[in-house]
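J.: Next comes run_26.cif, mmCIF, C-alpha atoms and all ligand atoms:
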data_data
#
loop_
_atom_site.label_atom_id
_atom_site.label_comp_id
_atom_site.auth_asym_id
_atom_site.auth_seq_id
_atom_site.Cartn_x
_atom_site.Cartn_y
_atom_site.Cartn_z
CA MET E 6 0.00 0.00 0.00
CA MET E 7 1.44 3.40 -1.02
CA ASN E 8 1.67 6.15 1.57
CA LEU E 9 1.12 9.19 -0.64
CA GLU E 10 1.75 11.71 2.10
CA GLU E 11 5.08 10.12 2.94
CA ILE E 12 6.01 10.02 -0.74
CA ARG E 13 5.12 13.68 -1.23
CA SER E 14 7.15 14.68 1.82
CA ARG E 15 10.24 13.32 0.08
CA PHE E 16 9.90 15.85 -2.78
CA PRO E 17 11.04 19.27 -1.47
CA ILE E 18 9.67 21.21 -4.46
CA LEU E 19 6.10 20.03 -3.88
CA SER E 20 5.75 22.24 -0.83
CA ARG E 21 6.46 25.47 -2.69
CA GLU E 22 3.85 27.94 -3.86
CA VAL E 23 3.41 29.31 -7.35
CA ASN E 24 1.68 32.65 -7.82
CA GLY E 25 0.61 32.53 -4.19
CA LYS E 26 -1.08 29.13 -4.59
CA PRO E 27 0.12 25.64 -3.66
CA LEU E 28 1.95 24.13 -6.62
CA VAL E 29 -0.05 21.53 -8.55
CA TYR E 30 2.61 20.01 -10.77
CA LEU E 31 1.07 18.19 -13.72
CA ASP E 32 3.87 18.47 -16.28
CA ASN E 33 5.57 15.23 -15.39
CA ALA E 34 5.79 13.91 -18.95
CA ALA E 35 8.09 16.84 -19.69
CA SER E 36 10.18 16.38 -16.54
CA SER E 37 9.35 14.86 -13.19
CA GLN E 38 10.47 16.17 -9.81
CA VAL E 39 13.24 14.59 -7.74
CA PRO E 40 13.06 13.11 -4.25
CA ARG E 41 15.39 14.41 -1.55
CA GLU E 42 17.65 11.34 -1.73
CA VAL E 43 18.50 12.17 -5.37
CA VAL E 44 19.28 15.78 -4.45
CA GLU E 45 21.45 14.46 -1.59
CA ALA E 46 23.26 12.08 -3.92
CA VAL E 47 24.05 14.95 -6.30
CA ASP E 48 25.18 17.00 -3.31
CA TYR E 49 27.39 14.10 -2.17
CA GLY E 50 28.99 13.88 -5.63
CA TYR E 51 29.85 17.58 -5.63
CA CYS E 52 31.00 17.65 -2.01
CA HIS E 53 32.93 14.35 -1.87
CA ALA E 54 33.74 12.88 -5.27
CA LYS E 55 34.13 15.76 -7.71
CA ALA E 56 36.99 14.75 -9.97
CA ASN E 57 37.12 13.69 -13.58
CA VAL E 58 36.37 10.05 -14.27
CA HIS E 59 38.79 7.53 -15.76
CA ARG E 60 41.57 10.06 -15.98
CA GLY E 61 43.30 10.24 -12.65
CA VAL E 62 45.19 7.79 -10.49
CA HIS E 63 44.20 9.83 -7.45
CA THR E 64 41.58 8.75 -4.93
CA LEU E 65 38.90 11.29 -5.82
CA SER E 66 39.00 10.36 -9.48
CA GLN E 67 38.83 6.68 -8.59
CA GLU E 68 35.82 7.30 -6.36
CA ALA E 69 34.06 9.35 -9.05
CA THR E 70 34.78 6.58 -11.57
CA GLU E 71 33.47 3.93 -9.21
CA LEU E 72 30.22 5.89 -8.69
CA GLN E 73 29.75 6.17 -12.45
CA GLU E 74 30.45 2.50 -13.14
CA LYS E 75 28.25 1.42 -10.23
CA SER E 76 25.50 3.46 -11.81
CA ARG E 77 26.06 1.69 -15.14
CA ARG E 78 25.73 -1.70 -13.44
CA ARG E 79 22.59 -0.52 -11.62
CA VAL E 80 21.02 0.60 -14.93
CA GLN E 81 22.03 -2.70 -16.51
CA GLU E 82 20.27 -4.57 -13.74
CA PHE E 83 17.23 -2.24 -13.83
CA ILE E 84 16.58 -2.84 -17.56
CA GLY E 85 17.80 -6.43 -17.67
CA ALA E 86 20.68 -5.84 -20.12
CA SER E 87 23.18 -8.67 -20.55
CA SER E 88 26.24 -6.64 -19.62
CA PRO E 89 27.27 -3.13 -18.52
CA GLU E 90 28.92 -2.70 -21.94
CA GLU E 91 25.45 -2.45 -23.43
CA VAL E 92 24.62 0.63 -21.35
CA ILE E 93 25.86 3.90 -22.86
CA PHE E 94 25.45 7.18 -20.99
CA THR E 95 24.28 10.09 -23.13
CA ARG E 96 22.72 13.49 -22.47
CA GLY E 97 19.17 12.22 -22.98
CA THR E 98 16.77 10.28 -25.16
CA THR E 99 17.37 12.81 -27.93
CA GLU E 100 21.11 12.25 -27.98
CA SER E 101 20.65 8.49 -27.76
CA ILE E 102 18.50 8.46 -30.90
CA ASN E 103 20.86 10.82 -32.71
CA LEU E 104 23.71 8.47 -31.83
CA VAL E 105 21.93 5.46 -33.30
CA ALA E 106 20.72 7.30 -36.41
CA SER E 107 24.19 8.75 -37.14
CA SER E 108 26.22 5.68 -36.32
CA PHE E 109 24.03 2.63 -36.96
CA GLY E 110 22.62 4.55 -39.94
CA THR E 111 25.99 4.34 -41.72
CA LEU E 112 25.44 0.58 -41.95
CA PHE E 113 22.09 0.88 -43.76
CA PRO E 114 21.85 -0.15 -47.42
CA ARG E 115 21.77 2.70 -49.94
CA GLU E 116 18.07 2.36 -50.73
CA GLY E 117 17.01 1.38 -47.23
CA GLU E 118 13.65 2.23 -45.69
CA ILE E 119 13.02 3.29 -42.11
CA ILE E 120 9.61 2.79 -40.49
CA LEU E 121 8.47 5.42 -37.98
CA THR E 122 5.00 6.25 -36.66
CA VAL E 123 2.89 9.40 -36.83
CA MET E 124 2.89 9.66 -33.02
CA GLU E 125 6.68 10.16 -32.71
CA HIS E 126 8.31 12.97 -30.75
CA HIS E 127 10.52 15.14 -32.97
CA SER E 128 13.49 13.40 -31.31
CA ASN E 129 12.51 10.25 -33.15
CA ILE E 130 11.88 11.95 -36.48
CA VAL E 131 14.51 14.62 -37.07
CA PRO E 132 17.63 12.43 -36.43
CA TRP E 133 16.40 10.07 -39.17
CA GLN E 134 15.74 13.02 -41.48
CA LEU E 135 19.26 14.32 -40.82
CA LEU E 136 20.55 10.89 -41.79
CA GLN E 137 18.37 11.06 -44.90
CA SER E 138 19.87 14.44 -45.82
CA ARG E 139 23.27 12.70 -46.00
CA ARG E 140 21.85 9.55 -47.62
CA PRO E 141 19.17 10.88 -50.02
CA ASP E 142 18.16 7.42 -51.25
CA LEU E 143 16.88 6.40 -47.82
CA LYS E 144 13.10 6.51 -47.42
CA ILE E 145 11.00 7.10 -44.31
CA ARG E 146 7.66 5.28 -44.05
CA VAL E 147 5.09 6.31 -41.47
CA VAL E 148 2.49 4.20 -39.62
CA ASP E 149 -0.82 5.97 -39.02
CA ILE E 150 -3.17 5.85 -35.99
CA ASP E 151 -6.88 5.09 -35.73
CA ASP E 152 -9.51 7.32 -34.12
CA GLU E 153 -8.67 6.05 -30.63
CA GLY E 154 -5.02 6.99 -31.07
CA CYS E 155 -3.76 3.42 -31.51
CA LEU E 156 -1.27 2.44 -34.19
CA ILE E 157 -2.81 0.62 -37.15
CA LEU E 158 -0.93 -2.65 -36.87
CA ASP E 159 -2.05 -4.07 -40.23
CA GLN E 160 -0.62 -1.01 -41.89
CA TYR E 161 2.59 -1.36 -39.86
CA GLU E 162 2.99 -4.93 -41.06
CA SER E 163 2.26 -3.98 -44.67
CA LEU E 164 5.05 -1.38 -44.73
CA PHE E 165 7.80 -4.01 -44.50
CA ASN E 166 9.55 -4.93 -47.74
CA GLU E 167 13.00 -6.09 -48.82
CA HIS E 168 14.37 -2.53 -48.35
CA THR E 169 13.24 -2.07 -44.75
CA CYS E 170 16.38 -1.67 -42.63
CA MET E 171 15.18 -0.06 -39.40
CA VAL E 172 12.08 0.45 -37.30
CA SER E 173 11.89 3.12 -34.61
CA PHE E 174 8.84 3.93 -32.47
CA CYS E 175 7.84 5.11 -29.04
CA HIS E 176 6.84 2.69 -26.31
CA VAL E 177 4.34 5.29 -25.02
CA SER E 178 3.10 8.39 -26.85
CA ASN E 179 3.90 11.65 -25.04
CA VAL E 180 0.66 13.19 -26.35
CA LEU E 181 -1.92 10.40 -26.54
CA GLY E 182 -0.61 8.27 -23.70
CA THR E 183 -1.05 5.23 -25.94
CA VAL E 184 1.01 2.27 -24.78
CA ASN E 185 2.08 0.58 -27.99
CA PRO E 186 2.16 -3.21 -28.36
CA VAL E 187 5.95 -3.11 -28.51
CA ARG E 188 6.47 -6.81 -28.04
CA ASP E 189 4.31 -7.67 -31.07
CA MET E 190 5.83 -4.86 -33.10
CA ILE E 191 9.35 -6.07 -32.35
CA ARG E 192 8.39 -9.66 -33.20
CA ILE E 193 6.97 -8.55 -36.56
CA ALA E 194 10.08 -6.49 -37.37
CA HIS E 195 12.39 -9.37 -36.43
CA SER E 196 10.38 -11.79 -38.58
CA HIS E 197 11.53 -9.54 -41.46
CA GLY E 198 15.09 -9.44 -40.09
CA VAL E 199 14.78 -5.74 -39.21
CA PRO E 200 16.28 -4.17 -36.04
CA VAL E 201 14.14 -2.03 -33.74
CA LEU E 202 14.78 1.05 -31.63
CA VAL E 203 12.22 1.72 -28.90
CA ASP E 204 11.94 5.28 -27.59
CA GLY E 205 11.18 4.61 -23.95
CA ALA E 206 11.22 8.23 -22.73
CA GLN E 207 7.55 8.07 -21.68
CA ALA E 208 7.50 4.41 -20.69
CA SER E 209 10.49 4.09 -18.38
CA PRO E 210 8.90 6.22 -15.59
CA HIS E 211 5.82 3.95 -15.46
CA ILE E 212 6.49 0.52 -16.95
CA ARG E 213 8.95 -2.16 -15.89
CA VAL E 214 11.19 -2.58 -18.92
CA ASP E 215 13.18 -5.73 -19.55
CA VAL E 216 15.17 -5.24 -22.73
CA ARG E 217 16.08 -8.89 -23.10
CA ASP E 218 12.50 -9.98 -22.66
CA LEU E 219 11.35 -7.36 -25.21
CA ASP E 220 14.25 -8.40 -27.45
CA CYS E 221 14.57 -4.82 -28.76
CA ASP E 222 17.82 -3.90 -30.48
CA PHE E 223 18.00 -0.44 -28.89
CA TYR E 224 16.07 1.10 -25.99
CA VAL E 225 16.50 4.77 -25.06
CA PHE E 226 15.29 6.91 -22.16
CA SER E 227 16.02 9.96 -19.98
CA SER E 228 16.77 10.18 -16.26
CA HIS E 229 14.98 13.51 -15.76
CA LYS E 230 11.58 11.97 -16.55
CA MET E 231 12.06 9.20 -13.97
CA TYR E 232 12.72 11.13 -10.75
CA GLY E 233 16.42 11.42 -11.61
CA PRO E 234 18.91 14.21 -12.34
CA THR E 235 18.76 16.27 -15.55
CA GLY E 236 21.18 15.91 -18.44
CA ILE E 237 21.51 12.13 -18.46
CA GLY E 238 20.18 9.66 -20.96
CA ILE E 239 20.60 5.99 -21.56
CA LEU E 240 21.21 4.14 -24.75
CA TYR E 241 20.83 0.41 -24.40
CA GLY E 242 22.06 -1.44 -27.47
CA LYS E 243 22.63 -5.10 -28.20
CA ARG E 244 26.35 -5.75 -28.03
CA GLU E 245 26.48 -7.25 -31.53
CA HIS E 246 25.19 -3.94 -32.98
CA LEU E 247 27.31 -1.66 -30.79
CA LEU E 248 30.45 -3.56 -31.79
CA ARG E 249 29.76 -2.96 -35.48
CA MET E 250 28.80 0.70 -35.11
CA PRO E 251 31.38 3.46 -35.72
CA PRO E 252 31.87 6.07 -32.95
CA TYR E 253 29.37 8.91 -32.84
CA GLN E 254 31.57 11.72 -31.55
CA GLY E 255 35.33 11.90 -31.30
CA GLY E 256 37.29 13.17 -28.33
CA GLY E 257 38.77 12.20 -25.02
CA GLU E 258 37.87 8.93 -23.31
CA MET E 259 36.61 7.17 -26.45
CA ILE E 260 40.01 6.33 -27.89
CA SER E 261 42.54 3.57 -27.42
CA HIS E 262 45.42 5.39 -29.14
CA VAL E 263 45.61 8.63 -31.10
CA SER E 264 48.24 9.68 -33.62
CA PHE E 265 48.07 11.92 -36.68
CA THR E 266 48.31 8.87 -38.88
CA GLY E 267 45.31 7.18 -37.34
CA THR E 268 43.31 6.57 -34.19
CA THR E 269 42.03 3.39 -32.61
CA PHE E 270 38.97 3.42 -30.43
CA ALA E 271 38.23 2.32 -26.89
CA ASP E 272 36.17 -0.77 -26.16
CA LEU E 273 32.47 -0.67 -25.31
CA PRO E 274 30.88 1.27 -23.76
CA PHE E 275 33.53 4.02 -23.81
CA LYS E 276 33.73 4.09 -27.61
CA PHE E 277 30.44 6.01 -27.51
CA GLU E 278 31.20 8.28 -24.55
CA ALA E 279 33.42 11.05 -25.87
CA GLY E 280 34.30 13.86 -23.48
CA THR E 281 33.52 14.37 -19.81
CA PRO E 282 30.06 13.08 -18.97
CA ASP E 283 27.77 14.43 -16.23
CA TYR E 284 29.39 11.97 -13.86
CA VAL E 285 27.88 13.58 -10.75
CA GLY E 286 24.36 13.20 -12.13
CA ILE E 287 25.12 9.70 -13.41
CA GLY E 288 26.39 8.76 -9.95
CA ALA E 289 23.12 9.98 -8.39
CA PHE E 290 20.77 8.32 -10.92
CA PRO E 291 20.66 4.97 -9.05
CA ARG E 292 18.91 6.72 -6.13
CA ALA E 293 16.03 7.53 -8.50
CA LEU E 294 15.86 3.89 -9.60
CA ASP E 295 15.94 2.80 -5.95
CA PHE E 296 13.05 5.20 -5.27
CA MET E 297 10.98 3.72 -8.10
CA GLU E 298 11.63 0.16 -6.98
CA GLU E 299 11.04 0.94 -3.35
CA VAL E 300 7.60 2.40 -4.15
CA GLY E 301 7.07 -0.34 -6.71
CA ILE E 302 6.75 0.36 -10.43
CA GLY E 303 3.44 -1.54 -10.49
CA ASN E 304 2.14 0.68 -7.66
CA ILE E 305 3.27 3.81 -9.50
CA ALA E 306 1.45 2.73 -12.66
CA ALA E 307 -1.70 1.70 -10.80
CA HIS E 308 -1.89 5.01 -8.94
CA GLU E 309 -1.35 7.03 -12.10
CA GLU E 310 -4.01 5.02 -13.90
CA GLU E 311 -6.53 5.83 -11.15
CA LEU E 312 -5.63 9.52 -11.43
CA LEU E 313 -6.08 9.29 -15.18
CA ARG E 314 -9.51 7.67 -14.95
CA HIS E 315 -10.61 10.23 -12.35
CA ALA E 316 -9.30 13.11 -14.50
CA GLU E 317 -11.00 11.80 -17.64
CA LYS E 318 -14.31 11.42 -15.85
CA ARG E 319 -14.16 14.87 -14.28
CA MET E 320 -12.93 16.63 -17.39
CA LEU E 321 -15.65 15.24 -19.59
CA GLU E 322 -18.09 17.18 -17.36
CA ILE E 323 -16.73 20.34 -18.97
CA PRO E 324 -18.74 21.38 -22.06
CA GLY E 325 -16.66 21.69 -25.23
CA LEU E 326 -13.66 19.79 -23.80
CA ARG E 327 -12.21 17.15 -26.12
CA ILE E 328 -9.64 14.54 -25.07
CA PHE E 329 -7.18 13.07 -27.58
CA GLY E 330 -6.18 9.44 -27.14
CA ASN E 331 -8.53 6.75 -25.91
CA SER E 332 -6.38 3.69 -26.17
CA PRO E 333 -7.43 0.84 -23.86
CA HIS E 334 -3.76 0.75 -22.84
CA LYS E 335 -3.03 4.30 -21.83
CA SER E 336 -0.50 5.83 -19.46
CA GLY E 337 -1.07 8.88 -17.22
CA VAL E 338 -1.18 11.56 -19.89
CA ILE E 339 -4.27 13.53 -20.81
CA SER E 340 -4.21 15.86 -23.83
CA PHE E 341 -7.20 18.06 -24.48
CA VAL E 342 -8.57 21.20 -26.05
CA VAL E 343 -11.57 23.32 -25.13
CA ASP E 344 -13.55 24.56 -28.13
CA GLY E 345 -12.91 28.21 -28.88
CA ILE E 346 -9.95 28.53 -26.49
CA HIS E 347 -6.29 28.58 -27.43
CA PRO E 348 -4.35 25.96 -25.40
CA TYR E 349 -1.65 28.50 -24.56
CA ASP E 350 -4.16 30.93 -23.04
CA LEU E 351 -5.69 28.19 -20.95
CA GLY E 352 -2.28 26.97 -19.74
CA MET E 353 -1.19 30.49 -18.87
CA LEU E 354 -4.30 31.34 -16.87
CA ILE E 355 -4.35 28.12 -14.88
CA ASP E 356 -0.69 28.72 -14.04
CA HIS E 357 -1.92 31.83 -12.21
CA LEU E 358 -3.89 29.39 -10.06
CA GLY E 359 -0.76 27.34 -9.35
CA VAL E 360 -1.50 24.55 -11.86
CA ALA E 361 1.43 23.60 -14.10
CA VAL E 362 0.53 21.88 -17.39
CA ARG E 363 2.16 21.88 -20.78
CA THR E 364 0.61 23.49 -23.83
CA GLY E 365 1.53 23.49 -27.51
CA HIS E 366 2.55 20.86 -30.02
CA HIS E 367 4.56 18.81 -27.48
CA CYS E 368 7.37 18.32 -30.05
CA ALA E 369 4.96 16.22 -32.10
CA GLN E 370 3.91 18.50 -34.95
CA PRO E 371 3.12 15.67 -37.42
CA LEU E 372 0.77 14.18 -34.81
CA MET E 373 -0.90 17.58 -34.25
CA GLU E 374 -1.45 17.81 -38.00
CA ARG E 375 -2.93 14.31 -38.00
CA LEU E 376 -5.26 15.28 -35.12
CA GLY E 377 -6.23 18.49 -36.91
CA VAL E 378 -5.16 20.86 -34.11
CA SER E 379 -2.30 23.31 -33.72
CA GLY E 380 -1.70 22.22 -30.15
CA THR E 381 -3.27 20.82 -26.99
CA VAL E 382 -3.12 21.25 -23.25
CA ARG E 383 -1.46 18.27 -21.57
CA ALA E 384 -1.70 17.21 -17.95
CA SER E 385 0.57 14.31 -17.01
CA PHE E 386 0.82 12.44 -13.74
CA ALA E 387 3.54 11.09 -11.49
CA VAL E 388 3.44 8.96 -8.38
CA TYR E 389 3.16 11.98 -6.04
CA ASN E 390 0.05 13.49 -7.63
CA THR E 391 -3.24 13.35 -5.73
CA PHE E 392 -6.94 13.21 -6.54
CA ASP E 393 -7.25 16.66 -4.95
CA GLU E 394 -4.74 17.95 -7.46
CA VAL E 395 -6.80 16.53 -10.31
CA ASP E 396 -9.82 18.30 -8.82
CA SER E 397 -7.79 21.52 -8.61
CA LEU E 398 -6.97 21.16 -12.31
CA VAL E 399 -10.63 20.68 -13.20
CA ALA E 400 -11.70 23.59 -10.98
CA ALA E 401 -9.02 25.81 -12.53
CA ILE E 402 -10.16 24.95 -16.07
CA LYS E 403 -13.78 25.62 -15.15
CA ARG E 404 -12.82 28.93 -13.57
CA VAL E 405 -10.83 30.29 -16.53
CA ILE E 406 -13.17 29.22 -19.35
CA PRO E 407 -15.70 32.05 -18.81
CA ILE E 408 -12.81 34.55 -18.59
CA LEU E 409 -11.34 33.31 -21.88
CA LYS E 410 -14.70 33.08 -23.62
CA GLY E 411 -15.98 36.34 -22.16
C1 LIG E 501 8.48 10.19 -26.46
C2 LIG E 501 9.63 11.13 -26.23
N1 LIG E 501 10.78 10.92 -26.90
C3 LIG E 501 11.85 11.70 -26.72
C4 LIG E 501 11.82 12.76 -25.84
C5 LIG E 501 13.03 13.60 -25.67
O1 LIG E 501 13.59 13.44 -24.41
P1 LIG E 501 14.83 14.34 -23.93
O2 LIG E 501 14.38 15.77 -24.10
O3 LIG E 501 15.02 13.96 -22.51
O4 LIG E 501 15.98 14.02 -24.80
C6 LIG E 501 10.65 13.02 -25.13
C7 LIG E 501 10.58 14.17 -24.21
O5 LIG E 501 9.54 14.70 -23.92
C8 LIG E 501 9.53 12.18 -25.33
O6 LIG E 501 8.38 12.40 -24.68
#
Written as structure tokens, how would this file's structure read?

T.:
Amino acid sequence: MMNLEEIRSRFPILSREVNGKPLVYLDNAASSQVPREVVEAVDYGYCHAKANVHRGVHTLSQEATELQEKSRRRVQEFIGASSPEEVIFTRGTTESINLVASSFGTLFPREGEIILTVMEHHSNIVPWQLLQSRRPDLKIRVVDIDDEGCLILDQYESLFNEHTCMVSFCHVSNVLGTVNPVRDMIRIAHSHGVPVLVDGAQASPHIRVDVRDLDCDFYVFSSHKMYGPTGIGILYGKREHLLRMPPYQGGGEMISHVSFTGTTFADLPFKFEAGTPDYVGIGAFPRALDFMEEVGIGNIAAHEEELLRHAEKRMLEIPGLRIFGNSPHKSGVISFVVDGIHPYDLGMLIDHLGVAVRTGHHCAQPLMERLGVSGTVRASFAVYNTFDEVDSLVAAIKRVIPILKG
């Protein structure tokens, strides 16, 4: 049984006020808040183990290195990877996808085809387009959604042909909340011999991910959306792929030997970690994973689902309010518009009442176009949100509608 009050008390920011009102933080899909133990772990890193990793023989550097490599092993265990070598630290989901597109993309056949979906975040569209700008014969194919916001699986299957060389899709949509049938989608891709990248940015905070069980080729996610420090991302990749991939960036730490006649590269995972990483944040990330496991990922998901159902029910009381995304498998994200009101205006006015939501295209402009809107308002839940907060959101919307329509 979850003790919500105890959980909330661990998040210092939740007790602050915004515009003279208690903060109601419902922008968790963009970035979640951090519990005190994560802040303390960052503090510990800066106060006790602040020295560059892998470079020094001195004690501080060794301690910093040990914290980073412990974190790698913790992430490996958390996602069920076969070895720490398969866990690459990046700056975020965005950098992880750019890494795969730039590096793995060099191995694609000249006339290869990449399958994406219409619900992708720009982070899972633009890196492939950048690759395409260097390899103009590559094609991008896009899977559509149905009226409920679910991927059309028959269409997905029909897009495969002898040119298909890559599939990349989100585990959970950041706008619709749709939880995609990733296991089936991976199985279908593999039956055509095609590797799969899963963008887990919106899944990893809510769903227990086991990369070996899923059998995905790449899985990417960000610490800052899962109660962890900012500026850290994970790229999981199957060793067989990572070994074949050329380095993404060049610099310190990723080399074995450098001379002006040629350079040899470091072994995995360091081949993909050029330059000084955010080793303090990386060292603190395991505290966020501990937090999630201590509360229980199943409990987190169940609580968020109850908040979602309550929010949907209450919001549908509001005349002219439309919700996008009605998948039977949906995570705690609720995107909506109110007829005749610009999402930005609504978001700005409810912020005056202390309610933080996101408005706009949510870095998913192709999806907005598909839905026929320029943007939406999005409320998204985390483990520390309460039913009262959902009621505050609904009350705030009801209060500002007459002002905006008046
Ligand atoms: C589905 C999805 N993919 C990728 C990203 C990008 O994550 P980051 O900004 O941490 O790189 C986000 C962030 O909102 C997301 O929701």

J.: Could you list, as a list in words, all the residues within 7 Å of ligand LIG 501 (chain E), counting all atoms listed in the file?

T.: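 These are the residues that qualify: Ala34, Ala35, Gly97, Thr98, Thr99, Glu100, Glu125, His126, Ser128, Asn129, Cys175, Val177, Ser178, Asn179, Asp204, Gly205, Ala206, Gln207, Ser227, His229 and Gly238 of chain E.
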
J.: From the list E:Val300, E:Ile408, E:Val285, E:Ile119, which residue is nearest Val58 in chain E when using all atoms listed in the file?

T.: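 Closest residue, counting all atoms listed in the file: E:Val285.
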
J.: E:Val29, E:Ile328, E:Val180, E:Leu156: which is nearest Asp393 in chain E, counting all atoms listed in the file?

T.: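 The closest residue to Asp393 in chain E is E:Val29.
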
J.: Which residue out of E:Ile287, E:Arg217, E:Pro186, E:Leu19 has the minimum interatomic distance to Val47 in chain E when only C-alpha atoms are used?

T.: E:Ile287

J.: Please compute the CA of Phe290 in chain E-CA of Gly233 in chain E distance, one decimal, in Å.

T.: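 The value is 5.4 Å.
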
J.: Excluding Ala289 in chain E and any residue of its chain fewer than 6 positions from it, enumerate the residues within 9 Å of it, using only C-alpha atoms, and give them as an NGL selection string.

T.: :E and (42-50 or 72-73 or 76 or 233-234)

J.: Measure the distance from CA of Leu398 in chain E to CA of Pro348 in chain E in Å and round it to one decimal.

T.: 14.2 Å

J.: Could you write out as lines of an AutoDock Vina configuration file the box around range 282-297 of chain E (axis-aligned, all atoms listed in the file, 8 Å on each side), with centre and edge lengths in Å to one decimal?

T.:
center_x = 20.5
center_y = 8.6
center_z = -12.1
size_x = 35.1
size_y = 27.6
size_z = 29.7

J.: Which is closest to Lys230 in chain E among E:Ser37, E:Ser336, E:Ser261, E:Gln160, if we use all atoms listed in the file?

T.: E:Ser37

J.: Please provide as a list in words all residues within 12 Å of Ile18 in chain E, with the sequence filter that same-chain residues fewer than 2 positions apart are discarded (counting all atoms listed in the file).

T.: Arg13, Ser14, Arg15, Phe16, Ser20, Arg21, Glu22, Val23, Pro27, Leu28, Val29, Tyr30, Ser37, Gln38, Val39, Pro40, Arg41, Val44 and Tyr389 of chain E

J.: Please reconstruct the missing atoms of range 247-263 of chain E (target: N, CA and C atoms) and return them as a compact mmCIF listing (two decimals), in the frame of the given file.

T.:
# COMPACT_ATOMS: atom_id res chain seq x y z
N LEU E 247 26.39 -2.70 -31.27
CA LEU E 247 27.31 -1.66 -30.79
C LEU E 247 28.73 -1.93 -31.28
N LEU E 248 29.10 -3.22 -31.34
CA LEU E 248 30.45 -3.56 -31.79
C LEU E 248 30.67 -3.14 -33.25
N ARG E 249 29.61 -3.26 -34.05
CA ARG E 249 29.76 -2.96 -35.48
C ARG E 249 29.65 -1.47 -35.78
N MET E 250 29.09 -0.71 -34.84
CA MET E 250 28.80 0.70 -35.11
C MET E 250 30.05 1.56 -34.96
N PRO E 251 30.25 2.53 -35.90
CA PRO E 251 31.38 3.46 -35.72
C PRO E 251 31.08 4.45 -34.60
N PRO E 252 32.12 5.08 -34.01
CA PRO E 252 31.87 6.07 -32.95
C PRO E 252 30.96 7.18 -33.46
N TYR E 253 30.30 7.81 -32.51
CA TYR E 253 29.37 8.91 -32.84
C TYR E 253 30.12 10.24 -32.80
N GLN E 254 30.76 10.50 -31.68
CA GLN E 254 31.57 11.72 -31.55
C GLN E 254 32.99 11.32 -31.23
N GLY E 255 33.93 12.18 -31.63
CA GLY E 255 35.33 11.90 -31.30
C GLY E 255 35.79 12.79 -30.17
N GLY E 256 36.76 12.33 -29.42
CA GLY E 256 37.29 13.17 -28.33
C GLY E 256 37.98 12.33 -27.30
N GLY E 257 38.12 12.91 -26.12
CA GLY E 257 38.77 12.20 -25.02
C GLY E 257 37.93 11.03 -24.56
N GLU E 258 38.54 10.08 -23.96
CA GLU E 258 37.87 8.93 -23.31
C GLU E 258 37.38 7.84 -24.27
N MET E 259 37.18 8.18 -25.56
CA MET E 259 36.61 7.17 -26.45
C MET E 259 37.68 6.52 -27.32
N ILE E 260 38.94 6.84 -27.04
CA ILE E 260 40.01 6.33 -27.89
C ILE E 260 40.83 5.26 -27.17
N SER E 261 41.55 4.46 -27.98
CA SER E 261 42.54 3.57 -27.42
C SER E 261 43.91 4.22 -27.61
N HIS E 262 44.16 4.69 -28.86
CA HIS E 262 45.42 5.39 -29.14
C HIS E 262 45.18 6.40 -30.25
N VAL E 263 45.76 7.59 -30.08
CA VAL E 263 45.61 8.63 -31.10
C VAL E 263 46.97 9.00 -31.65
